[in-house]
file protein.cif (mmCIF, C-alpha atoms)
data_protein
#
loop_
_atom_site.group_PDB
_atom_site.id
_atom_site.type_symbol
_atom_site.label_atom_id
_atom_site.label_comp_id
_atom_site.auth_asym_id
_atom_site.auth_seq_id
_atom_site.Cartn_x
_atom_site.Cartn_y
_atom_site.Cartn_z
ATOM 1 C CA MET X 1 -15.092 -24.180 20.709
ATOM 2 C CA GLU X 2 -13.976 -21.117 18.733
ATOM 3 C CA LYS X 3 -10.770 -20.883 20.825
ATOM 4 C CA GLU X 4 -9.979 -24.529 20.094
ATOM 5 C CA GLU X 5 -10.480 -23.951 16.352
ATOM 6 C CA ARG X 6 -8.163 -20.939 16.436
ATOM 7 C CA LYS X 7 -5.491 -22.928 18.276
ATOM 8 C CA GLU X 8 -5.753 -25.656 15.661
ATOM 9 C CA LYS X 9 -5.368 -23.106 12.851
ATOM 10 C CA ALA X 10 -2.335 -21.622 14.592
ATOM 11 C CA PHE X 11 -0.761 -25.078 14.889
ATOM 12 C CA GLU X 12 -1.364 -25.793 11.196
ATOM 13 C CA VAL X 13 0.176 -22.466 10.241
ATOM 14 C CA ARG X 14 3.289 -23.002 12.355
ATOM 15 C CA ASP X 15 3.664 -26.527 11.034
ATOM 16 C CA GLY X 16 3.587 -25.403 7.404
ATOM 17 C CA VAL X 17 5.643 -22.202 7.141
ATOM 18 C CA HIS X 18 8.907 -23.988 6.315
ATOM 19 C CA GLU X 19 7.238 -25.815 3.411
ATOM 20 C CA LEU X 20 6.054 -22.427 2.181
ATOM 21 C CA ALA X 21 9.650 -21.179 2.282
ATOM 22 C CA LYS X 22 10.840 -24.160 0.187
ATOM 23 C CA ASN X 23 8.073 -23.473 -2.330
ATOM 24 C CA ALA X 24 9.016 -19.781 -2.464
ATOM 25 C CA SER X 25 12.699 -20.612 -2.987
ATOM 26 C CA LYS X 26 11.909 -22.805 -6.019
ATOM 27 C CA PHE X 27 9.700 -20.117 -7.533
ATOM 28 C CA TYR X 28 12.299 -17.392 -6.919
ATOM 29 C CA LYS X 29 14.838 -19.461 -8.884
ATOM 30 C CA LYS X 30 12.349 -19.877 -11.778
ATOM 31 C CA VAL X 31 11.832 -16.112 -11.991
ATOM 32 C CA THR X 32 15.344 -14.802 -11.366
ATOM 33 C CA GLY X 33 17.595 -17.742 -12.248
ATOM 34 C CA ILE X 34 19.195 -17.366 -8.806
ATOM 35 C CA ASP X 35 19.529 -20.583 -6.805
ATOM 36 C CA LEU X 36 19.385 -20.001 -3.048
ATOM 37 C CA SER X 37 20.445 -23.651 -2.652
ATOM 38 C CA GLU X 38 19.376 -25.428 0.491
ATOM 39 C CA GLU X 39 19.712 -22.317 2.596
ATOM 40 C CA LEU X 40 16.358 -21.075 3.884
ATOM 41 C CA PRO X 41 15.579 -18.409 6.448
ATOM 42 C CA GLN X 42 14.595 -19.330 9.982
ATOM 43 C CA ILE X 43 10.901 -18.437 10.409
ATOM 44 C CA LEU X 44 9.772 -17.224 13.829
ATOM 45 C CA ILE X 45 6.245 -16.343 14.941
ATOM 46 C CA LEU X 46 6.413 -13.798 17.778
ATOM 47 C CA PRO X 47 4.020 -11.450 19.615
ATOM 48 C CA THR X 48 4.091 -7.852 18.369
ATOM 49 C CA SER X 49 5.359 -6.782 21.798
ATOM 50 C CA GLU X 50 8.539 -8.801 21.196
ATOM 51 C CA ILE X 51 8.998 -7.521 17.635
ATOM 52 C CA GLY X 52 8.978 -3.908 18.850
ATOM 53 C CA ILE X 53 7.052 -2.421 15.898
ATOM 54 C CA SER X 54 3.506 -2.955 14.660
ATOM 55 C CA VAL X 55 4.093 -4.926 11.450
ATOM 56 C CA SER X 56 2.712 -8.128 9.956
ATOM 57 C CA GLY X 57 6.225 -9.406 9.329
ATOM 58 C CA LEU X 58 9.844 -8.423 8.765
ATOM 59 C CA GLN X 59 13.295 -9.871 8.086
ATOM 60 C CA GLU X 60 16.226 -9.668 10.458
ATOM 61 C CA GLY X 61 19.435 -11.124 9.084
ATOM 62 C CA ASN X 62 18.729 -14.757 8.255
ATOM 63 C CA LYS X 63 15.344 -14.725 10.014
ATOM 64 C CA ILE X 64 11.801 -13.992 8.932
ATOM 65 C CA ILE X 65 9.637 -12.846 11.825
ATOM 66 C CA ILE X 66 5.840 -12.991 11.573
ATOM 67 C CA SER X 67 3.557 -11.278 14.058
ATOM 68 C CA LYS X 68 1.692 -13.900 16.113
ATOM 69 C CA GLU X 69 -1.486 -11.815 16.091
ATOM 70 C CA TRP X 70 -1.990 -12.593 12.391
ATOM 71 C CA GLU X 71 -2.300 -16.331 13.097
ATOM 72 C CA ASP X 72 -5.894 -15.769 14.210
ATOM 73 C CA TYR X 73 -6.826 -14.840 10.643
ATOM 74 C CA GLY X 74 -5.931 -18.299 9.388
ATOM 75 C CA ARG X 75 -3.497 -19.970 7.054
ATOM 76 C CA LYS X 76 -4.083 -17.868 3.937
ATOM 77 C CA ILE X 77 -2.996 -14.626 5.593
ATOM 78 C CA VAL X 78 0.141 -16.173 7.131
ATOM 79 C CA GLU X 79 0.877 -17.809 3.776
ATOM 80 C CA GLY X 80 0.820 -14.391 2.104
ATOM 81 C CA ILE X 81 2.976 -12.774 4.799
ATOM 82 C CA THR X 82 5.523 -15.623 4.603
ATOM 83 C CA TYR X 83 5.813 -15.359 0.807
ATOM 84 C CA HIS X 84 5.989 -11.556 0.992
ATOM 85 C CA GLU X 85 8.772 -11.554 3.596
ATOM 86 C CA PHE X 86 10.589 -14.366 1.782
ATOM 87 C CA PHE X 87 10.841 -12.159 -1.307
ATOM 88 C CA HIS X 88 12.469 -9.365 0.741
ATOM 89 C CA TRP X 89 14.833 -11.912 2.311
ATOM 90 C CA ALA X 90 15.708 -13.466 -1.069
ATOM 91 C CA VAL X 91 16.433 -10.059 -2.612
ATOM 92 C CA TRP X 92 18.770 -9.350 0.316
ATOM 93 C CA ARG X 93 20.450 -12.778 0.064
ATOM 94 C CA SER X 94 20.910 -12.282 -3.698
ATOM 95 C CA ASP X 95 22.488 -8.859 -3.132
ATOM 96 C CA LEU X 96 19.793 -7.228 -5.281
ATOM 97 C CA ARG X 97 18.389 -4.738 -2.788
ATOM 98 C CA SER X 98 20.373 -1.901 -4.382
ATOM 99 C CA ASN X 99 18.175 -2.347 -7.491
ATOM 100 C CA PHE X 100 15.275 -0.975 -5.449
ATOM 101 C CA ASN X 101 17.246 1.746 -3.684
ATOM 102 C CA TYR X 102 19.095 3.272 -6.639
ATOM 103 C CA LEU X 103 18.181 4.288 -10.151
ATOM 104 C CA GLN X 104 19.529 2.428 -13.122
ATOM 105 C CA PHE X 105 20.735 4.431 -16.109
ATOM 106 C CA TYR X 106 18.948 3.653 -19.352
ATOM 107 C CA LYS X 107 20.004 4.179 -22.935
ATOM 108 C CA ASP X 108 17.505 5.694 -25.372
ATOM 109 C CA HIS X 109 15.164 6.516 -22.534
ATOM 110 C CA GLU X 110 12.764 9.203 -23.706
ATOM 111 C CA TYR X 111 10.833 9.381 -20.436
ATOM 112 C CA ASN X 112 12.276 9.555 -16.951
ATOM 113 C CA PHE X 113 9.804 10.132 -14.140
ATOM 114 C CA SER X 114 11.422 7.758 -11.666
ATOM 115 C CA PRO X 115 14.231 10.022 -10.325
ATOM 116 C CA HIS X 116 11.616 12.222 -8.659
ATOM 117 C CA LEU X 117 9.372 9.323 -7.688
ATOM 118 C CA ARG X 118 12.197 7.310 -6.129
ATOM 119 C CA LEU X 119 12.976 10.171 -3.736
ATOM 120 C CA LEU X 120 9.358 10.225 -2.571
ATOM 121 C CA LEU X 121 8.433 6.522 -2.586
ATOM 122 C CA ILE X 122 11.209 5.392 -0.232
ATOM 123 C CA LYS X 123 10.983 6.414 3.419
ATOM 124 C CA GLU X 124 13.577 5.671 6.081
ATOM 125 C CA ILE X 125 12.222 5.374 9.624
ATOM 126 C CA PRO X 126 15.430 5.428 11.692
ATOM 127 C CA GLU X 127 13.780 5.105 15.098
ATOM 128 C CA TYR X 128 12.647 1.583 14.102
ATOM 129 C CA TYR X 129 15.631 0.758 11.830
ATOM 130 C CA VAL X 130 13.106 0.274 9.021
ATOM 131 C CA THR X 131 12.964 1.500 5.421
ATOM 132 C CA ILE X 132 9.680 1.365 3.504
ATOM 133 C CA ASN X 133 10.394 1.044 -0.214
ATOM 134 C CA SER X 134 7.083 1.365 -2.027
ATOM 135 C CA ILE X 135 8.128 -0.521 -5.167
ATOM 136 C CA GLU X 136 9.923 -3.332 -3.343
ATOM 137 C CA GLU X 137 6.755 -3.760 -1.257
ATOM 138 C CA GLY X 138 4.669 -3.937 -4.431
ATOM 139 C CA ALA X 139 7.021 -6.528 -5.963
ATOM 140 C CA ALA X 140 6.870 -8.616 -2.757
ATOM 141 C CA GLU X 141 3.051 -8.521 -2.886
ATOM 142 C CA LEU X 142 3.103 -9.686 -6.505
ATOM 143 C CA PHE X 143 5.462 -12.548 -5.565
ATOM 144 C CA ALA X 144 3.054 -13.568 -2.769
ATOM 145 C CA ALA X 145 -0.039 -13.138 -4.950
ATOM 146 C CA ILE X 146 1.266 -15.439 -7.702
ATOM 147 C CA LEU X 147 2.060 -18.204 -5.207
ATOM 148 C CA MET X 148 -1.274 -17.792 -3.373
ATOM 149 C CA SER X 149 -3.524 -17.740 -6.435
ATOM 150 C CA LYS X 150 -5.309 -20.753 -7.906
ATOM 151 C CA ASN X 151 -5.509 -19.030 -11.307
ATOM 152 C CA GLU X 152 -4.459 -15.821 -13.017
ATOM 153 C CA ASN X 153 -7.785 -14.113 -12.322
ATOM 154 C CA GLU X 154 -6.983 -14.154 -8.598
ATOM 155 C CA ILE X 155 -3.586 -12.455 -8.891
ATOM 156 C CA PRO X 156 -4.781 -8.788 -9.000
ATOM 157 C CA LYS X 157 -7.050 -9.362 -5.997
ATOM 158 C CA ASN X 158 -4.335 -11.209 -4.095
ATOM 159 C CA ILE X 159 -1.873 -8.345 -4.540
ATOM 160 C CA PHE X 160 -4.138 -6.911 -1.805
ATOM 161 C CA TYR X 161 -4.477 -10.267 0.026
ATOM 162 C CA ILE X 162 -3.940 -8.616 3.413
ATOM 163 C CA TYR X 163 -7.453 -7.107 3.159
ATOM 164 C CA PHE X 164 -9.427 -9.871 1.475
ATOM 165 C CA HIS X 165 -8.399 -13.006 3.366
ATOM 166 C CA LYS X 166 -8.600 -11.349 6.751
ATOM 167 C CA ASN X 167 -12.157 -11.995 7.903
ATOM 168 C CA ILE X 168 -12.440 -15.788 8.215
ATOM 169 C CA SER X 169 -15.595 -15.496 10.322
ATOM 170 C CA THR X 170 -17.812 -14.681 7.312
ATOM 171 C CA TYR X 171 -18.935 -17.056 4.579
ATOM 172 C CA TYR X 172 -17.847 -14.645 1.829
ATOM 173 C CA PRO X 173 -14.243 -13.923 2.902
ATOM 174 C CA LYS X 174 -13.063 -13.292 -0.657
ATOM 175 C CA PHE X 175 -15.283 -10.221 -0.931
ATOM 176 C CA ASP X 176 -15.470 -7.517 1.689
ATOM 177 C CA PRO X 177 -17.537 -4.721 0.074
ATOM 178 C CA ILE X 178 -15.943 -1.953 2.159
ATOM 179 C CA TYR X 179 -12.355 -2.971 1.361
ATOM 180 C CA TYR X 180 -13.324 -3.633 -2.251
ATOM 181 C CA GLU X 181 -14.599 -0.091 -2.763
ATOM 182 C CA THR X 182 -11.680 1.390 -0.809
ATOM 183 C CA VAL X 183 -9.063 -0.395 -2.930
ATOM 184 C CA LYS X 184 -10.841 0.863 -6.068
ATOM 185 C CA ALA X 185 -10.582 4.389 -4.637
ATOM 186 C CA VAL X 186 -6.824 3.916 -4.067
ATOM 187 C CA ILE X 187 -6.412 2.662 -7.663
ATOM 188 C CA LYS X 188 -8.058 5.848 -8.958
ATOM 189 C CA GLU X 189 -5.992 8.104 -6.684
ATOM 190 C CA VAL X 190 -2.712 6.564 -7.880
ATOM 191 C CA TYR X 191 -3.824 6.750 -11.523
ATOM 192 C CA PHE X 192 -4.814 10.430 -11.418
ATOM 193 C CA THR X 193 -1.690 11.371 -9.438
ATOM 194 C CA TYR X 194 0.623 9.675 -11.952
ATOM 195 C CA GLN X 195 -1.190 11.533 -14.729
ATOM 196 C CA LYS X 196 -0.073 14.789 -13.101
ATOM 197 C CA VAL X 197 3.549 13.794 -12.401
ATOM 198 C CA ASN X 198 5.959 16.284 -13.968
ATOM 199 C CA ALA X 199 9.370 14.935 -15.016
ATOM 200 C CA GLU X 200 10.752 18.472 -15.052
ATOM 201 C CA SER X 201 9.672 19.627 -11.604
ATOM 202 C CA LEU X 202 10.622 17.859 -8.374
ATOM 203 C CA LYS X 203 8.666 20.428 -6.330
ATOM 204 C CA GLU X 204 5.449 19.839 -8.261
ATOM 205 C CA THR X 205 5.837 16.046 -8.144
ATOM 206 C CA GLU X 206 6.593 16.172 -4.419
ATOM 207 C CA SER X 207 3.378 18.098 -3.802
ATOM 208 C CA GLN X 208 1.303 15.579 -5.818
ATOM 209 C CA LEU X 209 2.909 12.553 -4.133
ATOM 210 C CA GLN X 210 2.447 13.988 -0.650
ATOM 211 C CA LYS X 211 -1.266 14.503 -1.363
ATOM 212 C CA LEU X 212 -1.440 10.898 -2.610
ATOM 213 C CA ILE X 213 0.243 9.548 0.542
ATOM 214 C CA ASP X 214 -2.191 11.550 2.701
ATOM 215 C CA LYS X 215 -5.209 10.264 0.742
ATOM 216 C CA CYS X 216 -4.064 6.638 0.853
ATOM 217 C CA TYR X 217 -3.480 6.957 4.602
ATOM 218 C CA ASP X 218 -6.986 8.412 5.059
ATOM 219 C CA LEU X 219 -8.492 5.534 3.053
ATOM 220 C CA PHE X 220 -6.499 2.844 4.915
ATOM 221 C CA PRO X 221 -5.514 4.229 8.348
ATOM 222 C CA ALA X 222 -2.430 2.510 9.820
ATOM 223 C CA PRO X 223 -0.110 2.802 12.841
ATOM 224 C CA MET X 224 2.020 5.277 10.865
ATOM 225 C CA LYS X 225 1.303 7.400 7.812
ATOM 226 C CA TRP X 226 4.183 5.962 5.787
ATOM 227 C CA TYR X 227 2.455 2.579 5.585
ATOM 228 C CA ALA X 228 0.463 4.266 2.801
ATOM 229 C CA LEU X 229 3.527 3.600 0.625
ATOM 230 C CA HIS X 230 2.610 -0.110 0.656
ATOM 231 C CA ASN X 231 -0.685 0.565 -1.123
ATOM 232 C CA ILE X 232 0.947 2.919 -3.628
ATOM 233 C CA GLY X 233 3.434 0.140 -4.427
ATOM 234 C CA ARG X 234 0.691 -2.492 -4.707
ATOM 235 C CA THR X 235 -1.301 -0.277 -7.063
ATOM 236 C CA THR X 236 1.703 0.646 -9.227
ATOM 237 C CA VAL X 237 2.363 -3.082 -9.673
ATOM 238 C CA LEU X 238 -1.312 -3.674 -10.455
ATOM 239 C CA PHE X 239 -1.095 -1.172 -13.339
ATOM 240 C CA ALA X 240 2.152 -2.805 -14.499
ATOM 241 C CA TYR X 241 0.382 -6.184 -14.491
ATOM 242 C CA GLU X 242 -2.302 -4.787 -16.800
ATOM 243 C CA ILE X 243 0.266 -3.193 -19.136
ATOM 244 C CA TYR X 244 2.290 -6.420 -19.418
ATOM 245 C CA LYS X 245 -0.860 -8.422 -20.094
ATOM 246 C CA LYS X 246 -1.809 -6.051 -22.905
ATOM 247 C CA GLU X 247 1.676 -6.552 -24.402
ATOM 248 C CA ASN X 248 1.345 -10.371 -24.173
ATOM 249 C CA LYS X 249 4.005 -10.630 -21.490
ATOM 250 C CA ASN X 250 3.380 -12.933 -18.561
ATOM 251 C CA VAL X 251 3.360 -12.222 -14.856
ATOM 252 C CA LYS X 252 6.767 -13.874 -14.362
ATOM 253 C CA ASP X 253 8.238 -11.421 -16.913
ATOM 254 C CA LEU X 254 6.818 -8.592 -14.813
ATOM 255 C CA LEU X 255 8.180 -9.979 -11.548
ATOM 256 C CA LYS X 256 11.620 -10.450 -13.113
ATOM 257 C CA ASP X 257 11.647 -6.859 -14.389
ATOM 258 C CA LEU X 258 10.470 -5.564 -11.024
ATOM 259 C CA THR X 259 13.336 -7.453 -9.360
ATOM 260 C CA PHE X 260 16.120 -6.384 -11.718
ATOM 261 C CA SER X 261 14.942 -2.969 -12.996
ATOM 262 C CA PRO X 262 12.096 -1.769 -10.744
ATOM 263 C CA TRP X 263 12.353 1.953 -11.448
ATOM 264 C CA GLU X 264 12.379 1.448 -15.197
ATOM 265 C CA THR X 265 9.141 -0.497 -14.695
ATOM 266 C CA VAL X 266 7.726 2.452 -12.708
ATOM 267 C CA ASP X 267 8.670 4.754 -15.596
ATOM 268 C CA ILE X 268 6.760 2.510 -18.007
ATOM 269 C CA VAL X 269 3.671 2.622 -15.764
ATOM 270 C CA VAL X 270 3.706 6.423 -15.471
ATOM 271 C CA LYS X 271 4.283 6.853 -19.207
ATOM 272 C CA GLU X 272 1.360 4.519 -20.040
ATOM 273 C CA ILE X 273 -0.941 6.298 -17.592
ATOM 274 C CA LYS X 274 -0.033 9.729 -18.966
ATOM 275 C CA ASN X 275 -0.771 8.463 -22.505
ATOM 276 C CA ASP X 276 -4.045 6.777 -21.476
ATOM 277 C CA LYS X 277 -6.274 9.466 -22.953
ATOM 278 C CA ASN X 278 -9.559 7.505 -22.867
ATOM 279 C CA GLY X 279 -9.062 5.899 -19.458
ATOM 280 C CA GLU X 280 -8.857 2.370 -20.923
ATOM 281 C CA LEU X 281 -5.957 1.360 -18.677
ATOM 282 C CA LEU X 282 -7.814 2.483 -15.558
ATOM 283 C CA LYS X 283 -11.024 0.742 -16.628
ATOM 284 C CA ASN X 284 -9.270 -2.552 -17.486
ATOM 285 C CA THR X 285 -7.184 -2.501 -14.304
ATOM 286 C CA ILE X 286 -10.301 -2.193 -12.127
ATOM 287 C CA LEU X 287 -12.053 -4.842 -14.244
ATOM 288 C CA ASP X 288 -9.194 -7.338 -13.772
ATOM 289 C CA PHE X 289 -9.044 -6.540 -10.055
ATOM 290 C CA SER X 290 -12.785 -7.299 -9.826
ATOM 291 C CA LYS X 291 -12.570 -10.670 -11.621
ATOM 292 C CA GLY X 292 -11.022 -12.355 -8.593
ATOM 293 C CA PHE X 293 -14.156 -11.711 -6.567
ATOM 294 C CA GLU X 294 -16.687 -13.486 -8.769
ATOM 295 C CA GLU X 295 -17.371 -16.258 -6.248
ATOM 296 C CA GLY X 296 -17.470 -13.781 -3.361
ATOM 297 C CA PHE X 297 -19.840 -11.474 -5.265
ATOM 298 C CA LYS X 298 -22.337 -14.321 -5.697
ATOM 299 C CA LEU X 299 -22.226 -15.301 -2.025
ATOM 300 C CA PHE X 300 -22.512 -11.685 -0.935
ATOM 301 C CA GLU X 301 -25.506 -11.008 -3.212
ATOM 302 C CA LYS X 302 -27.199 -14.176 -1.914
ATOM 303 C CA HIS X 303 -26.559 -12.982 1.635
ATOM 304 C CA LEU X 304 -28.185 -9.608 0.871
ATOM 305 C CA ARG X 305 -31.236 -11.252 -0.742
ATOM 306 C CA ASN X 306 -31.751 -13.459 2.309
ATOM 307 C CA LYS X 307 -31.546 -10.653 4.857
#

call {"tool": "encode", "arguments": {"input": "protein.cif", "output": "structure tokens"}}
result
Amino acid sequence: MEKEERKEKAFEVRDGVHELAKNASKFYKKVTGIDLSEELPQILILPTSEIGISVSGLQEGNKIIISKEWEDYGRKIVEGITYHEFFHWAVWRSDLRSNFNYLQFYKDHEYNFSPHLRLLLIKEIPEYYVTINSIEEGAAELFAAILMSKNENEIPKNIFYIYFHKNISTYYPKFDPIYYETVKAVIKEVYFTYQKVNAESLKETESQLQKLIDKCYDLFPAPMKWYALHNIGRTTVLFAYEIYKKENKNVKDLLKDLTFSPWETVDIVVKEIKNDKNGELLKNTILDFSKGFEEGFKLFEKHLRNK
């Protein structure tokens, strides 16, 4: 029976990915003003063995490839992966990828942490022809989170959708207490590392960032250590989301800035964290992250009471 249900879910997922791409294309135009016209990527669902690298998804020319193994986790996970990979594809099609790879030059910029950070938050993995760009990954997760969320409260949680929609076998899939506490630990690690970042010393910043990568990898083990850059990117964007909210800017403003001037946005995040003397930004970021779990909290507490 369970196998039949999984097959049905897989069929529904395959049937719907092209509609997801159309939806993503419309939203991308709203945020960036760039019309991708009728052109959409071809979406393939393939076994990991055929992809050649252990990833949830990737883009290859005009194709988006999603790992077949993720179908078993249901539509919500594949929805997130499709939106995430679509953002990468759209940035490539719009010829905007250089925004993420190179620094912009700013006038009247009194703070400039991003030159050092950019060197450390982008990792080329030549043996797999892959580059992991921490901030582009974070922007792609925000793009996916906005499209996946029923309301704004769900967006911070859904930036980490890959962890919280994964276990469809439980009746409280929105709240996994282990992942919840682990993501909170990552948020704190990124916050305290950015507090120590030194704009004058590449060597000192490199040491702090390497410790952060090691800690994030220990908290969320992965096939390779550099996947830790994904969670650093997600968390940087989560802080940016909180900063923009405080300044009465909306999430589309943030996504637009992340697309066109990502490293300036990183500079803003580091500056705000370094000036956050009473820890208000950290406290409010964790609070907003937690809001998306209200329904899951209730179900989980009921489950514990009934044990």

call {"tool": "closest_residue", "arguments": {"input": "protein.cif", "among": "X:Ile77, X:Val130, X:Ile187, X:Met148", "to": "Leu287 of chain X", "atoms": "all atoms listed in the file"}}
result
X:Ile187

call {"tool": "closest_residue", "arguments": {"input": "protein.cif", "among": "X:Phe100, X:Lys215, X:Lys249, X:Phe192", "to": "Asp276 of chain X", "atoms": "all atoms listed in the file"}}
result
X:Phe192

call {"tool": "residues_around", "arguments": {"input": "protein.cif", "residues": "Phe239 of chain X", "least_positions_apart": "2", "cutoff": "10 Å", "atoms": "only C-alpha atoms", "output": "count of residues only"}}
result
24

call {"tool": "residues_around", "arguments": {"input": "protein.cif", "residues": "Phe160 of chain X", "least_positions_apart": "2", "cutoff": "10 Å", "atoms": "all atoms listed in the file", "output": "PyMOL selection string"}}
result
chain X and resi 80+138+141-142+144-145+155-158+162-165+179-180+183+230-231+234-235+238+289

call {"tool": "residues_around", "arguments": {"input": "protein.cif", "residues": "segment 226-229 of chain X", "least_positions_apart": "5", "cutoff": "6 Å", "atoms": "all atoms listed in the file", "output": "MDAnalysis selection string"}}
result
chainID X and resid 134 213 216:217

call {"tool": "axis_aligned_box", "arguments": {"input": "protein.cif", "around": "segment 17-30 of chain X", "padding_each_side": "8 Å", "output": "JSON"}}
result
{"center_x": 10.2, "center_y": -21.6, "center_z": -2.3, "size_x": 25.2, "size_y": 24.4, "size_z": 34.9}

call {"tool": "resolve_selection", "arguments": {"input": "protein.cif", "expression": "the PyMOL selection byres ((chain X and resi 256) around 12)", "output": "JSON, numbers by chain"}}
result
{"X": [27, 28, 29, 30, 31, 32, 33, 34, 87, 91, 96, 99, 139, 140, 142, 143, 244, 249, 250, 251, 252, 253, 254, 255, 257, 258, 259, 260, 261, 262, 265]}

call {"tool": "write_last_selection", "arguments": {"input": "protein.cif", "atoms": "C-alpha atoms", "output": "compact mmCIF listing (two decimals), in the coordinates of the input"}}
result
# COMPACT_ATOMS: atom_id res chain seq x y z
CA PHE X 27 9.70 -20.12 -7.53
CA TYR X 28 12.30 -17.39 -6.92
CA LYS X 29 14.84 -19.46 -8.88
CA LYS X 30 12.35 -19.88 -11.78
CA VAL X 31 11.83 -16.11 -11.99
CA THR X 32 15.34 -14.80 -11.37
CA GLY X 33 17.60 -17.74 -12.25
CA ILE X 34 19.20 -17.37 -8.81
CA PHE X 87 10.84 -12.16 -1.31
CA VAL X 91 16.43 -10.06 -2.61
CA LEU X 96 19.79 -7.23 -5.28
CA ASN X 99 18.18 -2.35 -7.49
CA ALA X 139 7.02 -6.53 -5.96
CA ALA X 140 6.87 -8.62 -2.76
CA LEU X 142 3.10 -9.69 -6.50
CA PHE X 143 5.46 -12.55 -5.56
CA TYR X 244 2.29 -6.42 -19.42
CA LYS X 249 4.00 -10.63 -21.49
CA ASN X 250 3.38 -12.93 -18.56
CA VAL X 251 3.36 -12.22 -14.86
CA LYS X 252 6.77 -13.87 -14.36
CA ASP X 253 8.24 -11.42 -16.91
CA LEU X 254 6.82 -8.59 -14.81
CA LEU X 255 8.18 -9.98 -11.55
CA ASP X 257 11.65 -6.86 -14.39
CA LEU X 258 10.47 -5.56 -11.02
CA THR X 259 13.34 -7.45 -9.36
CA PHE X 260 16.12 -6.38 -11.72
CA SER X 261 14.94 -2.97 -13.00
CA PRO X 262 12.10 -1.77 -10.74
CA THR X 265 9.14 -0.50 -14.70

call {"tool": "closest_residue", "arguments": {"input": "protein.cif", "among": "X:Tyr102, X:Phe113, X:Tyr129, X:Tyr161", "to": "Ile81 of chain X", "atoms": "all atoms listed in the file"}}
result
X:Tyr161

call {"tool": "atom_distance", "arguments": {"input": "protein.cif", "atom1": "atom CA of Leu46 of chain X", "atom2": "atom CA of Lys63 of chain X"}}
result
11.9 Å

call {"tool": "resolve_selection", "arguments": {"input": "protein.cif", "expression": "the PyMOL selection byres ((chain X and resi 86) around 9)", "output": "ChimeraX atom specification"}}
result
/X:21,24-25,41,59,64,81-85,87-91,140,144

call {"tool": "write_last_selection", "arguments": {"input": "protein.cif", "atoms": "C-alpha atoms", "output": "compact mmCIF listing (two decimals), in the coordinates of the input"}}
result
# COMPACT_ATOMS: atom_id res chain seq x y z
CA ALA X 21 9.65 -21.18 2.28
CA ALA X 24 9.02 -19.78 -2.46
CA SER X 25 12.70 -20.61 -2.99
CA PRO X 41 15.58 -18.41 6.45
CA GLN X 59 13.30 -9.87 8.09
CA ILE X 64 11.80 -13.99 8.93
CA ILE X 81 2.98 -12.77 4.80
CA THR X 82 5.52 -15.62 4.60
CA TYR X 83 5.81 -15.36 0.81
CA HIS X 84 5.99 -11.56 0.99
CA GLU X 85 8.77 -11.55 3.60
CA PHE X 87 10.84 -12.16 -1.31
CA HIS X 88 12.47 -9.36 0.74
CA TRP X 89 14.83 -11.91 2.31
CA ALA X 90 15.71 -13.47 -1.07
CA VAL X 91 16.43 -10.06 -2.61
CA ALA X 140 6.87 -8.62 -2.76
CA ALA X 144 3.05 -13.57 -2.77

call {"tool": "atom_distance", "arguments": {"input": "protein.cif", "atom1": "atom CA of Ile43 of chain X", "atom2": "atom CA of Trp92 of chain X"}}
result
15.7 Å

call {"tool": "residues_around", "arguments": {"input": "protein.cif", "residues": "Leu202 of chain X", "least_positions_apart": "5", "cutoff": "12 Å", "atoms": "all atoms listed in the file", "output": "compact mmCIF listing (two decimals) with C-alpha atoms, keeping the file's coordinate frame"}}
result
# COMPACT_ATOMS: atom_id res chain seq x y z
CA PHE X 113 9.80 10.13 -14.14
CA SER X 114 11.42 7.76 -11.67
CA PRO X 115 14.23 10.02 -10.32
CA HIS X 116 11.62 12.22 -8.66
CA LEU X 117 9.37 9.32 -7.69
CA ARG X 118 12.20 7.31 -6.13
CA LEU X 119 12.98 10.17 -3.74
CA LEU X 120 9.36 10.22 -2.57
CA VAL X 197 3.55 13.79 -12.40
CA SER X 207 3.38 18.10 -3.80
CA GLN X 208 1.30 15.58 -5.82
CA LEU X 209 2.91 12.55 -4.13
CA GLN X 210 2.45 13.99 -0.65

call {"tool": "atom_distance", "arguments": {"input": "protein.cif", "atom1": "atom CA of Glu79 of chain X", "atom2": "atom CA of Leu40 of chain X"}}
result
15.8 Å

call {"tool": "residues_around", "arguments": {"input": "protein.cif", "residues": "Asn133 of chain X", "least_positions_apart": "4", "cutoff": "7 Å", "atoms": "all atoms listed in the file", "output": "list in words"}}
result
Leu121, Ile122, Lys123 and Glu137 of chain X

call {"tool": "write_last_selection", "arguments": {"input": "protein.cif", "atoms": "C-alpha atoms", "output": "CSV table (one decimal), in the frame of the given file"}}
result
chain,number,residue,atom,x,y,z
X,121,LEU,CA,8.4,6.5,-2.6
X,122,ILE,CA,11.2,5.4,-0.2
X,123,LYS,CA,11.0,6.4,3.4
X,137,GLU,CA,6.8,-3.8,-1.3
